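Asks: Below are the structure tokens for one structure; questions will follow.
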Amino acid sequence: MPDPRVSKLARVLVHYSLGLRPGQQLVLSSSPLADELTAAVYAEAIRTGAHVLVQNTVPGLEEAFFKYASEAQLDYVSPVRKLVTDTFDASLYIEALSNTRALSGIEPDRLARSRRAGAGLSKTFMERAARGELRWCITAYPTAAMAQEADMGLIDYADFVYDAGFLNEVDPVTMWEKEGARQRELIAWLAGKDHVTLKGPGIDLTLSIKGRRFVEADGKFNFPDGEIFTGPVEDSANGWVRFRYPAIYEGQEVTDIELHFENGRAVNERASKGGALLTSLLDADAGARYLGEWGIGTNYNIRRFTKNMLFDEKMGGTIHLALGASYPETGAKNESGLHWDMLCDMSESEILVHGELFYKNGKPAV
């Protein structure tokens with residue numbers, strides 16, 4: 001029997017997350033494993049009057065590309081991708097993986113080179129989104145591989161995915177509107193502040209948010225969602241952070257990452273596994289060693305780590321720091337082909353803003 005939550009998710013994505021209108025162009029990207037959700041979103045978007053381009057990627061193609069591509073192919077930027085990035089009104093990516101570690105054998109330098117080549121498209125995408133010209137959303141469809149990565153059975157994982165998006169509720173949109181209202185309260189408290197101190201067993205870091213704007217994430221960028229985020233002042237981070245949770249990049253796992261910052265730049269990095277990939281990506285371009293994002297997870301329906309940052313960075317009791325490109329709508333200016341989120345446990349930590357307690361032991365204190 002079809003899962004009724006899939007149809008509900010399609011309606012939420014089309015009407016709430018993307019706000020599609022008649023005549024708009026939507027690029028819908030997924031894999032055959034998500035055909036149920038892809039078809040539901042497509043039908044809902046067509047009924048809305050949108051023009052839909054479907055990009056359905058065959059599992060294994062990305063691995064074949066990075067394994068066999070020449071340097072010229074790694075550097076190539078498709079004019080079709082550029083046209084879509086430059087002109088489409090909306091983008092929806094449905095993650096549905098058949099192998100979460102498909103790229104685990106790829107040389108780090110090849111991944112970094114491809115990331116550099118796509119930096120221009122990433123910049124255009126973020127700038128158009130910041131100007132309100134492009135609505136985008138990333139969501140997930142539960143697959144056996146993703147469930148296995150999370151150490152869960154497929155039924156339990158599907159329940160986890162849909163519960164994280166409030167899709168077990170009669171009216172998930174109302175729940176997300178309430179979440180957004182709470183996020184805006186936190187953002188209002190932070191408005192106009194400057195100096196931030198993050199301190200705990202895994203972090204001793206200071207940074208500035210002067211002149212920066214926090215953005216609420218209430219189901220309109222990612223789904224599920226649940227965070228507030230900004231971009232720190234580029235030269236302001238000083239101190240260190242140790243990430244308890246592994247960081248996953250293109251299917252490769254980097255564990256026990258520790259970064260030391262001086263005047264905004266990560267000047268020293270360590271990892272017990274995946275250190276070569278970490279260094280290669282941080283050296284990808286001039287902006288890769290600077291923080292592009294600081295986010296605070298607010299979704300307490302996400303109760304466990306699943307090795308999928310779409311969910312993990314939203315988990316209540318955590319913050320995430322992203323190296324590389326910042327989101328222009330926050331007022332941040334860092335540019336890079338990299339945007340790599342790393343998750344920090346804050347369950348025994350605190351955040352002081354202008355010397356006032358803002359967050360303690362995994363929850364806001366205001």
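Labels used: A, B, ... for chains in the order of the structure tokens, numbers from 1 for residues in each chain, and numbers from 1 for ligands as shown.
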Going by DSSP on the backbone, which bits of stretch 92-179 of chain A are alpha helix (DSSP H)? Write them as a PyMOL selection string, please.

Replies: chain A and resi 108-117+119-130+144-149+154-164+172-179

Asks: Would you give me, as a Markdown table, each residue of stretch 212-276 of chain A having an atom within 7 Å of an atom of stretch 291-306 of chain A, along with its shortest atom pair and that distance in Å to one decimal, using only C-alpha atoms and sorting by chain and residue number?

Replies:
| residue | atom | partner | partner_atom | distance |
| --- | --- | --- | --- | --- |
| A:Gly226 | CA | A:Asn299 | CA | 4.7 |
| A:Glu227 | CA | A:Gly297 | CA | 4.4 |
| A:Ile228 | CA | A:Ile296 | CA | 5.5 |
| A:Phe229 | CA | A:Gly295 | CA | 4.0 |
| A:Thr230 | CA | A:Trp294 | CA | 5.5 |
| A:Gly231 | CA | A:Glu293 | CA | 4.3 |
| A:Pro232 | CA | A:Glu293 | CA | 6.5 |
| A:Glu234 | CA | A:Leu291 | CA | 6.7 |

Asks: Kindly give the distance, in Å, that separates atom CA of A:Met126 and atom CA of A:Ser326, rounded to a single decimal.

Replies: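 Result for atom CA of A:Met126 versus atom CA of A:Ser326: 8.4 Å, one decimal.
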
Asks: Need to verify the contact set: A:Ala39, 12 Å, only C-alpha atoms, exclusion of same-chain residues closer than 2 positions in sequence. Can you return it as a PyMOL selection string?

Replies: chain A and resi 6-7+9-11+28-37+41-46+52+54+56+94

Asks: Enumerate, as a ChimeraX atom specification, the complete set of residues in stretch 85-184 of chain A that a backbone-based DSSP assignment places in strand (DSSP E).

Replies: /A:90-95,135-140

Asks: How far is it from atom CA of A:Asn334 to atom CA of A:Ala129, in Å with one decimal?

Replies: 15.8 Å

Asks: Give me the residues near stretch 79-88 of chain A as a list in words, where near means some atom within 10 Å (using only C-alpha atoms) and where sequence neighbours in that chain fewer than 4 positions away do not count.

Replies: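 Counting only C-alpha atoms, the residues come to Gln24, Gln25, Leu26, Val27, His51, Val52, Leu53, Gly118, Gly120, Leu121, Ser122, Lys123, Thr124, Phe125, Met126, Arg128, Glu133, Leu134 and Arg135 of chain A.
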
Asks: I'd like the neighbourhood of A:Glu269 as a PyMOL selection string, where a residue qualifies if any of its atoms comes within 9 Å (using only C-alpha atoms), though same-chain residues fewer than 2 positions away should be ignored.

Replies: chain A and resi 257-260+266-267+271+275+278-279

Asks: Find the residues around stretch 237-244 of chain A up to 8 Å (only C-alpha atoms counted), leave out those fewer than 6 positions away in its own chain, and share them as a PDB file with C-alpha atoms, in the first residue's frame.

Replies:
ATOM      1  CA  GLY A 202      34.396  19.894  22.720  1.00  0.00           C
ATOM      2  CA  ILE A 203      34.703  23.583  21.963  1.00  0.00           C
ATOM      3  CA  ASP A 204      36.434  26.769  23.085  1.00  0.00           C
ATOM      4  CA  LEU A 205      35.753  29.250  20.309  1.00  0.00           C
ATOM      5  CA  THR A 206      34.983  32.935  19.950  1.00  0.00           C
ATOM      6  CA  LEU A 207      33.563  34.643  16.890  1.00  0.00           C
ATOM      7  CA  SER A 208      31.713  37.760  15.823  1.00  0.00           C
ATOM      8  CA  THR A 255      36.300  11.150  12.191  1.00  0.00           C
ATOM      9  CA  ASP A 256      37.539  12.972  15.287  1.00  0.00           C
ATOM     10  CA  ILE A 257      38.059  16.246  13.435  1.00  0.00           C
ATOM     11  CA  GLU A 258      39.727  18.992  15.438  1.00  0.00           C
ATOM     12  CA  LEU A 259      40.194  22.467  13.970  1.00  0.00           C
ATOM     13  CA  HIS A 260      42.167  25.400  15.353  1.00  0.00           C
ATOM     14  CA  PHE A 261      41.287  28.920  14.159  1.00  0.00           C
ATOM     15  CA  GLU A 262      43.321  32.112  14.148  1.00  0.00           C
ATOM     16  CA  ASN A 263      41.725  35.324  12.883  1.00  0.00           C
ATOM     17  CA  GLY A 264      39.030  33.348  11.086  1.00  0.00           C
ATOM     18  CA  ARG A 265      41.260  30.855   9.303  1.00  0.00           C
ATOM     19  CA  LEU A 291      33.738  29.568   8.311  1.00  0.00           C
ATOM     20  CA  MET A 342      30.411  19.626  10.679  1.00  0.00           C
ATOM     21  CA  LEU A 343      28.374  18.747  13.762  1.00  0.00           C
ATOM     22  CA  CYS A 344      29.288  19.619  17.346  1.00  0.00           C
ATOM     23  CA  ASP A 345      27.541  18.190  20.414  1.00  0.00           C
TER      24      ASP A 345
END

Asks: Considering only C-alpha atoms, state which residue in the set A:Leu338, A:Ala64, A:Ala332, A:Leu154 is at the smallest distance from A:Ala130.

Replies: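 Ranked by minimum distance to A:Ala130, first place goes to A:Ala332.
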
Asks: Which one is closest to A:Arg116: A:Ala150, A:Met175, A:Leu281, A:Ala50? Count only C-alpha atoms.

Replies: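 Between A:Ala150, A:Met175, A:Leu281, A:Ala50, the residue approaching A:Arg116 most closely is A:Leu281.
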
Asks: Quick check, in Å to one decimal: how far apart do atom CA of A:Tyr249 and atom CA of A:Asp225 lie?

Replies: 20.0 Å

Asks: Hey, what's within 10 Å of A:Glu63 if we count only C-alpha atoms and toss same-chain stuff fewer than 5 positions away? As an mmCIF file with C-alpha atoms, in the first residue's frame, please?

Replies:
data_model
loop_
_atom_site.group_PDB
_atom_site.id
_atom_site.type_symbol
_atom_site.label_atom_id
_atom_site.label_comp_id
_atom_site.auth_asym_id
_atom_site.auth_seq_id
_atom_site.Cartn_x
_atom_site.Cartn_y
_atom_site.Cartn_z
ATOM 1 C CA TYR A 68 37.294 7.574 -14.939
ATOM 2 C CA ALA A 69 36.989 11.306 -15.734
ATOM 3 C CA ARG A 101 29.689 5.127 0.407
ATOM 4 C CA ALA A 102 29.798 5.064 -3.394
ATOM 5 C CA LEU A 103 32.634 7.598 -3.530
ATOM 6 C CA SER A 104 34.667 6.231 -0.625
ATOM 7 C CA GLY A 105 37.438 5.026 -2.958
ATOM 8 C CA ILE A 106 37.819 8.272 -4.912
ATOM 9 C CA GLU A 250 30.642 12.517 -0.750
#

Asks: For a quick check of understanding, using only C-alpha atoms, which of A:Asp171, A:Asp194, A:Glu329, A:Glu350 has the smallest distance to A:Tyr16?

Replies: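 Counting only C-alpha atoms, the residue closest to A:Tyr16 is A:Asp171.
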
Asks: When you count only C-alpha atoms, which of these residues is closest to A:Thr330: A:Arg21, A:Arg113, A:Lys210, A:Lys199?

Replies: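 Closest residue, counting only C-alpha atoms: A:Lys210.
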